[in-house]
>>> print(open('query.txt').read())   # compact mmCIF, C-alpha atoms
# COMPACT_ATOMS: atom_id res chain seq x y z
CA MET K 628 108.14 160.62 56.48
CA SER K 629 108.63 158.28 53.54
CA VAL K 630 109.91 154.79 54.06
CA PRO K 631 112.71 153.76 51.63
CA SER K 632 111.58 151.31 48.96
CA LYS K 633 111.80 147.58 49.42
CA SER K 634 114.62 147.43 46.85
CA ASN K 635 116.93 149.34 49.24
CA LYS K 636 119.68 146.86 50.17
CA THR K 637 119.53 147.84 53.83
CA TRP K 638 116.28 145.89 54.25
CA THR K 639 118.13 142.74 53.17
CA ASP K 640 120.96 143.52 55.57
CA ILE K 641 118.47 143.85 58.44
CA VAL K 642 116.47 140.66 57.90
CA THR K 643 119.63 138.61 57.30
CA GLY K 644 121.16 140.00 60.50
CA LYS K 645 124.14 141.45 58.59
CA LYS K 646 123.40 144.83 60.12
CA THR K 647 121.70 145.41 63.46
CA TYR K 648 120.23 148.59 64.88
CA GLN K 649 118.95 149.67 68.26
CA LEU K 650 115.29 150.27 67.45
CA LYS K 651 112.49 151.85 69.48
CA PHE K 652 109.37 150.54 67.74
CA LEU K 653 108.27 147.51 69.76
CA ALA K 654 106.38 145.79 66.92
CA ALA K 655 109.50 145.95 64.72
CA LYS K 656 111.64 144.44 67.47
CA ILE K 657 109.22 141.58 68.03
CA LEU K 658 108.85 140.94 64.31
CA LEU K 659 112.60 141.10 63.70
CA GLY K 660 113.21 138.81 66.65
CA ARG K 661 111.40 136.16 64.65
CA LEU K 662 112.34 137.10 61.08
CA THR K 663 116.10 137.20 61.61
CA HIS K 664 116.05 133.68 63.07
CA ALA K 665 113.73 132.46 60.32
CA VAL K 666 116.03 133.86 57.63
CA LYS K 667 119.06 132.24 59.28
CA ASP K 668 117.24 128.91 59.16
CA ASP K 669 116.09 129.45 55.56
CA PRO K 670 118.23 132.04 53.72
CA SER K 671 116.54 131.41 50.35
CA PRO K 672 115.83 134.52 48.22
CA GLY K 673 112.11 133.84 48.53
CA ASN K 674 112.20 133.79 52.32
CA ILE K 675 114.36 136.92 52.44
CA GLN K 676 111.93 138.76 50.15
CA LYS K 677 108.93 137.59 52.19
CA SER K 678 110.59 138.90 55.34
CA ILE K 679 111.42 142.24 53.71
CA ASP K 680 107.82 142.58 52.51
CA GLN K 681 106.54 142.03 56.06
CA LEU K 682 109.00 144.41 57.69
CA HIS K 683 108.48 147.09 55.05
CA ALA K 684 104.70 146.90 55.47
CA LEU K 685 105.10 147.29 59.23
CA PHE K 686 107.17 150.46 58.87
CA SER K 687 105.06 151.89 56.03
CA LYS K 688 101.77 151.48 57.88
CA ASN K 689 103.19 153.08 61.00
CA ALA K 690 105.30 155.78 59.36
CA HIS K 691 103.35 158.51 61.18
CA MET K 692 104.51 157.31 64.60
CA PRO K 693 107.37 159.15 66.34
CA ASN K 694 109.22 155.95 67.28
CA VAL K 695 109.03 154.67 63.71
CA GLN K 696 110.32 157.97 62.33
CA GLU K 697 113.26 157.80 64.73
CA ASP K 698 113.95 154.22 63.68
CA ILE K 699 113.89 155.17 59.99
CA LYS K 700 116.47 157.86 60.75
CA THR K 701 118.55 155.37 62.75
CA ILE K 702 118.54 152.88 59.89
CA PHE K 703 118.71 155.06 56.80
CA GLY K 704 120.22 158.26 58.19
CA MET B 1415 93.87 160.35 80.61
CA SER B 1416 91.83 158.44 83.14
CA GLN B 1417 92.63 155.20 84.95
CA ALA B 1418 91.25 154.61 88.44
CA ILE B 1419 89.77 152.10 90.82
CA MET B 1420 86.12 152.91 91.50
CA SER B 1421 82.99 151.81 93.29
CA ILE B 1422 80.21 150.09 91.34
CA ASP B 1423 78.06 153.22 91.56
CA GLU B 1424 80.81 155.42 90.16
CA VAL B 1425 81.24 153.09 87.18
CA LYS B 1426 77.48 152.85 86.66
CA GLY B 1427 77.40 156.63 86.44
CA LEU B 1428 80.07 156.66 83.73
CA ILE B 1429 78.31 153.94 81.73
CA GLU B 1430 75.03 155.82 81.93
CA LYS B 1431 76.78 158.91 80.56
CA GLY B 1432 77.77 156.88 77.49
CA ARG B 1433 81.49 156.82 78.28
CA ILE B 1434 83.73 154.34 76.43
CA LEU B 1435 85.27 152.13 79.11
CA LEU B 1436 87.70 149.29 79.64
CA LEU B 1437 86.80 147.57 82.91
CA SER B 1438 88.27 144.90 85.14
CA GLY B 1439 86.82 143.37 88.26
CA ASP B 1440 85.42 140.28 89.89
CA GLU B 1441 82.71 138.52 87.89
CA ALA B 1442 80.00 139.32 90.45
CA VAL B 1443 80.81 143.04 90.31
CA LEU B 1444 80.98 143.26 86.52
CA GLY B 1445 77.65 141.40 86.35
CA GLN B 1446 75.94 144.25 88.21
CA LEU B 1447 76.84 146.89 85.63
CA PRO B 1448 74.36 148.25 83.08
CA GLN B 1449 74.83 147.76 79.36
CA GLY B 1450 76.85 150.31 77.51
CA LYS B 1451 79.98 150.98 75.49
CA TRP B 1452 82.37 148.89 77.52
CA ILE B 1453 84.23 145.61 77.69
CA GLY B 1454 85.37 143.94 80.87
CA GLY B 1455 87.63 141.17 82.06
CA THR B 1456 87.51 139.22 85.31
CA ILE B 1457 90.26 139.76 87.87
CA PRO B 1458 90.20 140.90 91.52
CA TYR B 1459 93.81 142.21 91.66
CA PHE B 1460 94.83 145.75 90.78
CA MET B 1461 97.49 148.41 91.03
CA SER B 1462 95.89 151.70 92.02
CA LYS B 1463 97.10 155.20 92.77
CA LYS B 1464 95.07 155.33 95.94
CA HIS B 1465 95.82 151.94 97.51
CA GLY B 1466 98.84 150.66 95.59
CA GLY B 1467 98.52 146.93 94.97
CA ILE B 1468 95.11 145.73 96.14
CA SER B 1469 92.95 142.63 95.98
CA THR B 1470 89.23 143.39 96.10
CA LYS B 1471 86.03 141.76 94.87
CA GLU B 1472 84.05 144.94 95.57
CA MET B 1473 85.57 147.50 93.21
CA VAL B 1474 86.17 147.96 89.50
CA PHE B 1475 89.24 149.26 87.76
CA CYS B 1476 88.16 151.64 85.03
CA THR B 1477 90.02 153.07 82.06
CA ASP B 1478 87.97 155.79 80.40
CA LEU B 1479 88.86 156.11 76.71
CA SER B 1480 86.17 158.65 75.86
CA ASP B 1481 88.33 161.76 75.75
CA ALA B 1482 91.11 160.06 73.84
CA VAL B 1483 89.26 158.28 71.06
CA GLU B 1484 86.97 159.43 68.28
CA SER B 1485 84.93 156.24 68.16
CA ALA B 1486 85.04 152.64 69.30
CA ASN B 1487 83.56 149.34 68.14
CA ILE B 1488 83.29 146.17 70.16
CA ILE B 1489 83.99 142.95 68.24
CA GLU B 1490 83.72 139.37 69.50
CA TYR B 1491 86.23 136.96 68.00
CA ASN B 1492 86.60 133.20 68.44
CA GLU B 1493 89.79 131.17 68.29
CA ASN B 1494 89.62 131.05 64.49
CA SER B 1495 88.37 134.51 63.60
CA LEU B 1496 90.87 136.20 65.95
CA ALA B 1497 93.46 135.70 63.19
CA LYS B 1498 91.88 138.76 61.53
CA VAL B 1499 92.53 141.04 64.50
CA TYR B 1500 95.39 142.98 62.88
CA SER B 1501 93.85 143.13 59.40
CA GLU B 1502 90.54 144.44 60.72
CA ALA B 1503 92.06 147.03 63.08
CA PRO B 1504 91.24 150.67 62.40
CA GLU B 1505 93.80 152.43 60.24
CA ASP B 1506 94.23 155.34 62.65
CA GLY B 1507 93.92 153.86 66.09
CA PHE B 1508 94.52 150.75 68.13
CA CYS B 1509 92.86 147.57 69.32
CA PHE B 1510 92.40 146.55 72.92
CA VAL B 1511 91.87 142.82 73.50
CA LEU B 1512 90.67 140.70 76.43
CA ILE B 1513 90.92 136.89 76.43
CA PRO B 1514 89.99 134.49 79.27
CA ALA B 1515 92.93 132.52 80.69
CA LEU B 1516 93.15 128.84 79.79
CA SER B 1517 90.47 129.13 77.11
CA GLN B 1518 91.12 127.65 73.69
CA THR B 1519 91.21 131.20 72.33
CA HIS B 1520 94.01 132.06 74.77
CA LEU B 1521 96.06 129.03 73.76
CA THR B 1522 95.48 129.61 70.07
CA PHE B 1523 96.36 133.29 70.25
CA ALA B 1524 99.50 132.56 72.25
CA LEU B 1525 100.79 130.06 69.73
CA ASN B 1526 99.69 131.68 66.50
CA ALA B 1527 99.50 135.47 66.87
CA PRO B 1528 103.04 136.08 65.59
CA ASN B 1529 101.98 134.43 62.33
CA TYR B 1530 98.63 136.22 61.95
CA LYS B 1531 98.22 138.20 58.74
CA ASP B 1532 99.50 141.78 59.09
CA PHE B 1533 101.08 141.04 62.49
CA GLY B 1534 101.93 144.27 64.23
CA VAL B 1535 100.77 146.69 61.54
CA ARG B 1536 98.34 148.23 64.05
CA PRO B 1537 98.86 148.50 67.81
CA LEU B 1538 97.28 145.61 69.74
CA ILE B 1539 97.35 145.74 73.53
CA GLY B 1540 95.38 143.90 76.18
CA TRP B 1541 95.48 141.19 78.79
CA ILE B 1542 94.46 137.70 79.78
CA THR B 1543 91.64 137.65 82.31
CA GLY B 1544 91.80 135.60 85.50
CA VAL B 1545 90.27 134.85 88.89
CA HIS B 1546 91.18 135.11 92.55
CA LEU B 1547 93.95 132.57 93.18
CA ASP B 1548 91.73 130.82 95.76
CA ASP B 1549 89.23 130.22 92.94
CA LEU B 1550 91.72 128.68 90.50
CA GLY B 1551 90.20 125.56 88.98
CA LYS B 1552 86.78 126.36 90.50
CA VAL B 1553 85.75 129.47 88.56
CA ALA B 1554 86.49 130.09 84.89
CA PRO B 1555 88.03 133.43 83.91
CA LYS B 1556 85.70 135.40 81.65
CA VAL B 1557 85.26 138.48 79.49
CA ILE B 1558 82.04 140.48 79.31
CA ASN B 1559 80.67 142.44 76.38
CA GLY B 1560 79.11 145.55 77.92
CA GLU B 1561 76.93 146.15 74.87
CA THR B 1562 75.11 142.85 75.36
CA GLY B 1563 75.83 142.07 79.01
CA LYS B 1564 76.99 138.64 77.88
CA PHE B 1565 79.79 136.83 79.75
CA LEU B 1566 82.06 134.72 77.51
CA GLU B 1567 84.42 131.95 78.63
CA ASP B 1568 86.05 131.19 75.31
CA ALA B 1569 86.30 134.23 73.09
CA ALA B 1570 88.30 137.37 72.57
CA LEU B 1571 86.64 140.73 73.02
CA VAL B 1572 88.23 143.54 71.08
CA MET B 1573 87.62 147.27 71.38
CA GLN B 1574 88.59 148.78 68.04
CA ALA B 1575 89.41 152.39 68.89
CA LYS B 1576 89.78 155.09 66.27
CA LEU B 1577 91.91 158.07 67.27
CA PRO B 1578 91.32 161.67 66.22
CA GLN B 1579 93.49 163.07 63.45
CA GLY B 1580 96.92 164.06 64.71
CA LYS B 1581 97.13 161.30 67.34
CA ALA B 1582 98.92 157.96 67.29
CA ALA B 1583 99.05 155.04 69.71
CA ASP B 1584 102.30 153.41 70.75
CA ILE B 1585 102.81 150.34 72.94
CA GLY B 1586 105.66 149.87 75.38
CA ILE B 1587 106.75 147.19 77.82
CA ILE B 1588 108.68 147.34 81.04
CA ASN B 1589 110.44 144.11 81.78
CA LEU B 1590 112.57 143.84 84.90
CA PHE B 1591 114.15 140.68 83.61
CA GLU B 1592 117.16 140.40 81.37
CA GLN B 1593 118.97 137.39 80.00
CA GLY B 1594 121.55 135.98 82.40
CA ASP B 1595 124.95 134.68 81.41
CA GLY B 1596 123.98 130.99 81.43
CA ASP B 1597 123.27 128.35 78.81
CA ILE B 1598 121.48 128.99 75.53
CA LEU B 1599 118.24 127.03 75.59
CA THR B 1600 116.26 126.12 72.48
CA PHE B 1601 113.24 123.89 72.09
CA PRO B 1602 112.40 121.31 69.45
CA GLN B 1603 108.83 122.55 69.07
CA ASP B 1604 106.45 125.40 69.91
CA GLY B 1605 104.27 124.88 72.96
CA PHE B 1606 103.13 125.59 76.49
CA SER B 1607 105.15 122.62 77.77
CA ALA B 1608 108.44 120.96 77.00
CA THR B 1609 110.06 117.65 77.78
CA ASP B 1610 113.21 118.15 75.74
CA VAL B 1611 115.49 121.15 75.54
CA PHE B 1612 118.70 121.78 73.63
CA VAL B 1613 121.27 123.15 76.10
CA ASN B 1614 123.92 124.90 74.00
CA GLY B 1615 122.83 122.51 71.25
CA GLU B 1616 122.88 119.31 73.35
CA LYS B 1617 119.54 117.55 73.88
CA GLN B 1618 118.48 116.98 77.51
CA ASN B 1619 115.34 116.42 79.55
CA PHE B 1620 114.28 119.91 80.58
CA ALA B 1621 112.82 119.00 84.00
CA GLU B 1622 115.98 117.10 84.90
CA TYR B 1623 118.15 119.96 83.68
CA LEU B 1624 116.26 122.51 85.81
CA THR B 1625 116.39 120.31 88.91
CA LYS B 1626 120.04 119.38 88.48
CA ASN B 1627 121.01 123.02 88.11
CA ASN B 1628 118.77 124.17 90.97
CA PHE B 1629 117.00 126.78 88.80
CA ASP B 1630 114.87 129.41 90.52
CA THR B 1631 111.68 129.06 88.48
CA LYS B 1632 110.35 132.36 89.81
CA LEU B 1633 112.77 133.82 87.29
CA PRO B 1634 111.52 133.35 83.72
CA LEU B 1635 113.23 132.26 80.57
CA VAL B 1636 114.08 135.38 78.58
CA ALA B 1637 114.31 135.71 74.81
CA ASP B 1638 116.02 138.59 73.08
CA TYR B 1639 113.70 139.87 70.36
CA TYR B 1640 116.03 142.26 68.57
CA GLY B 1641 116.78 144.08 71.81
CA ALA B 1642 113.39 143.59 73.50
CA SER B 1643 113.39 141.08 76.34
CA VAL B 1644 110.38 138.74 76.24
CA ASN B 1645 109.73 136.34 79.12
CA ILE B 1646 108.38 132.83 79.36
CA SER B 1647 107.27 132.14 82.94
CA PHE B 1648 107.40 128.73 84.55
CA GLN B 1649 104.10 127.19 85.67
CA ALA B 1650 105.26 123.78 86.95
CA VAL B 1651 108.18 121.39 86.82
CA ASP B 1652 107.10 117.73 86.94
CA THR B 1653 110.26 115.70 87.43
CA ASP B 1654 108.34 112.39 87.51
CA ALA B 1655 106.78 113.04 84.12
CA GLY B 1656 109.89 114.86 82.89
CA GLU B 1657 107.75 117.75 81.76
CA VAL B 1658 107.93 121.53 82.28
CA LYS B 1659 104.86 123.71 81.87
CA PHE B 1660 104.87 127.42 80.99
CA TYR B 1661 102.41 130.32 81.17
CA ALA B 1662 103.23 131.29 77.59
CA PRO B 1663 104.52 129.17 74.74
CA VAL B 1664 108.16 128.71 73.87
CA PHE B 1665 108.92 128.92 70.15
CA SER B 1666 111.34 126.58 68.43
CA SER B 1667 112.91 129.38 66.41
CA ILE B 1668 113.89 131.44 69.46
CA ARG B 1669 116.91 131.24 71.77
CA TYR B 1670 116.24 131.58 75.51
CA LYS B 1671 118.33 132.15 78.63
CA HIS B 1672 117.44 132.04 82.30
CA ALA B 1673 116.83 135.53 83.74
CA LYS B 1674 119.24 137.40 85.97
CA PRO B 1675 117.91 137.73 89.54
CA VAL B 1676 115.98 140.88 90.47
CA GLY B 1677 116.55 142.55 93.84
CA ASP B 1678 114.02 145.06 95.13
CA TYR B 1679 111.18 145.11 92.63
CA VAL B 1680 109.78 148.56 93.40
CA ASN B 1681 113.19 150.25 93.37
CA GLU B 1682 114.29 148.50 90.22
CA PHE B 1683 110.93 149.25 88.61
CA THR B 1684 111.29 152.94 89.39
CA GLU B 1685 114.81 152.96 87.95
CA LYS B 1686 113.61 151.16 84.85
CA LEU B 1687 110.84 153.70 84.37
CA LYS B 1688 113.32 156.55 84.58
CA SER B 1689 115.93 154.98 82.35
CA GLU B 1690 113.78 153.44 79.64
CA CYS B 1691 110.46 155.15 79.33
CA GLY B 1692 110.78 158.89 79.55
CA LEU B 1693 107.08 158.52 80.11
CA ASP B 1694 104.82 161.55 80.26
CA GLU B 1695 101.91 160.55 82.49
CA ASN B 1696 99.57 162.73 80.41
CA ARG B 1697 100.20 160.48 77.42
CA LEU B 1698 99.53 157.25 79.30
CA LEU B 1699 96.16 155.75 78.40
CA PHE B 1700 96.38 152.21 79.79
CA SER B 1701 98.74 149.94 81.68
CA CYS B 1702 98.62 146.52 83.31
CA ASN B 1703 101.04 144.28 85.16
CA CYS B 1704 101.49 140.52 85.58
CA ILE B 1705 100.16 138.57 88.55
CA LEU B 1706 103.55 136.88 88.94
CA ASN B 1707 105.20 140.29 89.39
CA TYR B 1708 102.46 141.11 91.91
CA LEU B 1709 103.06 137.90 93.87
CA TYR B 1710 106.81 137.41 93.66
CA SER B 1711 107.54 141.10 94.29
CA GLU B 1712 104.89 141.38 97.01
CA LEU B 1713 103.26 144.41 95.41
CA GLU B 1714 100.18 144.43 97.66
CA GLY B 1715 100.14 147.84 99.35
CA LYS B 1716 103.06 149.12 97.24
CA LYS B 1717 102.75 151.80 94.58
CA THR B 1718 104.12 151.70 91.04
CA ASP B 1719 102.90 155.10 89.81
CA PRO B 1720 102.27 156.17 87.17
CA MET B 1721 101.65 152.58 86.12
CA VAL B 1722 98.32 151.37 87.48
CA GLY B 1723 95.69 148.98 86.16
CA PRO B 1724 94.59 145.37 86.35
CA ILE B 1725 96.93 142.62 87.45
CA THR B 1726 96.73 140.01 84.76
CA PHE B 1727 97.18 136.35 83.88
CA GLY B 1728 99.16 137.42 80.82
CA GLU B 1729 99.87 140.67 79.02
CA ILE B 1730 99.36 141.35 75.35
CA ALA B 1731 101.61 143.74 73.50
CA TYR B 1732 101.17 142.58 69.90
CA GLN B 1733 101.64 139.01 71.20
CA LEU B 1734 101.27 137.23 74.53
CA LEU B 1735 103.85 138.19 77.17
CA ASN B 1736 104.59 137.07 80.75
CA GLN B 1737 105.92 138.78 83.87
CA THR B 1738 105.87 142.12 82.10
CA LEU B 1739 104.17 145.47 82.45
CA VAL B 1740 102.63 146.77 79.23
CA TYR B 1741 101.37 150.26 78.52
CA LEU B 1742 99.72 152.32 75.82
CA GLU B 1743 100.67 155.92 75.11
CA ILE B 1744 98.91 158.41 72.87
CA HIS B 1745 101.23 160.77 70.99
CA ASP B 1746 100.62 163.93 69.03
CA VAL B 1747 101.83 163.45 65.47
>>> encode(input="query.txt", output="structure tokens")
Amino acid sequence: MSVPSKSNKTWTDIVTGKKTYQLKFLAAKILLGRLTHAVKDDPSPGNIQKSIDQLHALFSKNAHMPNVQEDIKTIFG
Amino acid sequence: MSQAIMSIDEVKGLIEKGRILLLSGDEAVLGQLPQGKWIGGTIPYFMSKKHGGISTKEMVFCTDLSDAVESANIIEYNENSLAKVYSEAPEDGFCFVLIPALSQTHLTFALNAPNYKDFGVRPLIGWITGVHLDDLGKVAPKVINGETGKFLEDAALVMQAKLPQGKAADIGIINLFEQGDGDILTFPQDGFSATDVFVNGEKQNFAEYLTKNNFDTKLPLVADYYGASVNISFQAVDTDAGEVKFYAPVFSSIRYKHAKPVGDYVNEFTEKLKSECGLDENRLLFSCNCILNYLYSELEGKKTDPMVGPITFGEIAYQLLNQTLVYLEIHDV
């Protein structure tokens, strides 16, 4: 399963906390637990992009896992 | 999948057959084992299918990875090099890590793992090794590299396991604790101890706050990590010094709440398993549970099947956790 590109606006919505999802992939939950707070504290474009890069890499490198595939469907339909 | 408590002779037999093993046991028992493809951590407490919760210095808890993995490498890291643990993990597999409690490597990992390069891109599971509670302060927790027979007091041992094509590893946690309805607690800095806390944004002395509010410190602080509850367990409250110590670090960027009380551990655990895991025992490769769960829930003699394994001084599921059960499943993909 392909992971939508980093330019997809939904990634921004996730790391800024504008949209939340009930995810299954534990690593994504733990990472987002930190990133969403970090972006609230520093909502600069650079910090948002850094957070998207990290989250996107996490999903891309685990795209073969069933939980990740379900999460991609949950987020992007 | 194979997880069981065994006699020394049974484990020796597996090592001599060249099996790839994750072992836990008392230092004296692990020291009697021959060299081979294994790593071990010291602890004399276990959950077993046969006995339920058990404390023994005579037996070894053994997880046999051989049928599940294609190959495995054992790597020794120190407090500095451990930062590479995610980057150096095998692309198709997982890493299993053992770190001695209270070592500098333990403290460094606890504070810094979430900021390690490539955090979470590969599954990392493991536990913090310990000792019998009667030996606390007298005997240092250790890890042992089975390939060399060397005991280490301040290092992390990692088994880098490569899975066959068509398999993937996934880590889960079972946490009986959930955030209660009380105050939002935040801390001015990261650390294993705190003097100050912000209670709903108002600065107070944390020890005084806990005492004044008659907090049950058997119940941890709980953070909500995007829907995953992560605990910080209390080690000690020193009202004279105004300091509170934890078994895992609090982070300044995270909001905590005191946990809701738990009733009957075993019943609630069983319910949690049913409701959250949907776990197929055939997929379960490894699990471990926290010593505080073992003590506070009086698990000695009780069974928590299918979850068995060492009882630990801290659990690792990507980062350090407390008062949690962690497990590793292998899926077909």
>>> residues_near_point(input="query.txt", point="(109.6, 143.2, 67.8)", cutoff="10 Å", atoms="all atoms listed in the file", output="mmCIF file with C-alpha atoms, in the frame of the given file")
data_model
loop_
_atom_site.group_PDB
_atom_site.id
_atom_site.type_symbol
_atom_site.label_atom_id
_atom_site.label_comp_id
_atom_site.auth_asym_id
_atom_site.auth_seq_id
_atom_site.Cartn_x
_atom_site.Cartn_y
_atom_site.Cartn_z
ATOM 1 C CA LEU K 650 115.290 150.270 67.450
ATOM 2 C CA LYS K 651 112.490 151.850 69.480
ATOM 3 C CA PHE K 652 109.370 150.540 67.740
ATOM 4 C CA LEU K 653 108.270 147.510 69.760
ATOM 5 C CA ALA K 654 106.380 145.790 66.920
ATOM 6 C CA ALA K 655 109.500 145.950 64.720
ATOM 7 C CA LYS K 656 111.640 144.440 67.470
ATOM 8 C CA ILE K 657 109.220 141.580 68.030
ATOM 9 C CA LEU K 658 108.850 140.940 64.310
ATOM 10 C CA LEU K 659 112.600 141.100 63.700
ATOM 11 C CA GLY K 660 113.210 138.810 66.650
ATOM 12 C CA ARG K 661 111.400 136.160 64.650
ATOM 13 C CA LEU K 662 112.340 137.100 61.080
ATOM 14 C CA PRO B 1528 103.040 136.080 65.590
ATOM 15 C CA GLY B 1534 101.930 144.270 64.230
ATOM 16 C CA ASP B 1638 116.020 138.590 73.080
ATOM 17 C CA TYR B 1639 113.700 139.870 70.360
ATOM 18 C CA TYR B 1640 116.030 142.260 68.570
ATOM 19 C CA GLY B 1641 116.780 144.080 71.810
ATOM 20 C CA ALA B 1642 113.390 143.590 73.500
ATOM 21 C CA SER B 1643 113.390 141.080 76.340
ATOM 22 C CA VAL B 1644 110.380 138.740 76.240
ATOM 23 C CA ALA B 1731 101.610 143.740 73.500
ATOM 24 C CA TYR B 1732 101.170 142.580 69.900
ATOM 25 C CA GLN B 1733 101.640 139.010 71.200
#
>>> atom_distance(input="query.txt", atom1="CA of Lys1471 (chain B)", atom2="CA of Val1483 (chain B)")
29.2 Å
>>> interface_residues(input="query.txt", of="chain K", to="chain B", cutoff="12 Å", atoms="all atoms listed in the file", output="ChimeraX atom specification")
/K:628,641-642,644,646-669,678,680-696
>>> residues_around(input="query.txt", residues="Asp1597 (chain B)", least_positions_apart="2", cutoff="9 Å", atoms="all atoms listed in the file", output="MDAnalysis selection string")
chainID B and resid 1594:1595 1599 1613:1614 1670:1672
>>> atom_distance(input="query.txt", atom1="CA of Ile1457 (chain B)", atom2="CA of Lys1674 (chain B)")
29.1 Å
>>> closest_residue(input="query.txt", among="B:Glu1592, B:Glu1712, B:Asp1549, B:Glu1622", to="Ala1673 (chain B)", atoms="only C-alpha atoms")
B:Glu1592
>>> decode(input="query.txt", residues="region 1451-1478 of chain B", atoms="C-alpha atoms", output="PDB file, in the first residue's frame")
ATOM      1  CA  LYS B1451      23.165 -17.459  20.148  1.00  0.00           C
ATOM      2  CA  TRP B1452      21.386 -15.921  23.097  1.00  0.00           C
ATOM      3  CA  ILE B1453      21.081 -12.838  25.250  1.00  0.00           C
ATOM      4  CA  GLY B1454      19.905 -12.819  28.831  1.00  0.00           C
ATOM      5  CA  GLY B1455      18.756 -10.431  31.510  1.00  0.00           C
ATOM      6  CA  THR B1456      18.768 -10.889  35.269  1.00  0.00           C
ATOM      7  CA  ILE B1457      15.450 -11.259  37.079  1.00  0.00           C
ATOM      8  CA  PRO B1458      14.017 -14.010  39.318  1.00  0.00           C
ATOM      9  CA  TYR B1459      10.303 -13.196  38.753  1.00  0.00           C
ATOM     10  CA  PHE B1460       8.210 -14.650  35.956  1.00  0.00           C
ATOM     11  CA  MET B1461       4.731 -15.291  34.642  1.00  0.00           C
ATOM     12  CA  SER B1462       4.485 -18.870  33.413  1.00  0.00           C
ATOM     13  CA  LYS B1463       1.786 -21.071  31.955  1.00  0.00           C
ATOM     14  CA  LYS B1464       2.624 -23.852  34.352  1.00  0.00           C
ATOM     15  CA  HIS B1465       2.930 -21.995  37.659  1.00  0.00           C
ATOM     16  CA  GLY B1466       1.367 -18.601  36.984  1.00  0.00           C
ATOM     17  CA  GLY B1467       3.354 -15.866  38.711  1.00  0.00           C
ATOM     18  CA  ILE B1468       6.485 -17.352  40.262  1.00  0.00           C
ATOM     19  CA  SER B1469       9.689 -16.207  41.929  1.00  0.00           C
ATOM     20  CA  THR B1470      12.570 -18.640  41.464  1.00  0.00           C
ATOM     21  CA  LYS B1471      16.359 -18.455  41.352  1.00  0.00           C
ATOM     22  CA  GLU B1472      16.570 -21.993  39.954  1.00  0.00           C
ATOM     23  CA  MET B1473      14.846 -21.735  36.574  1.00  0.00           C
ATOM     24  CA  VAL B1474      15.165 -19.779  33.353  1.00  0.00           C
ATOM     25  CA  PHE B1475      12.443 -18.217  31.268  1.00  0.00           C
ATOM     26  CA  CYS B1476      13.152 -18.935  27.630  1.00  0.00           C
ATOM     27  CA  THR B1477      11.770 -17.410  24.449  1.00  0.00           C
ATOM     28  CA  ASP B1478      12.886 -19.411  21.427  1.00  0.00           C
TER      29      ASP B1478
END
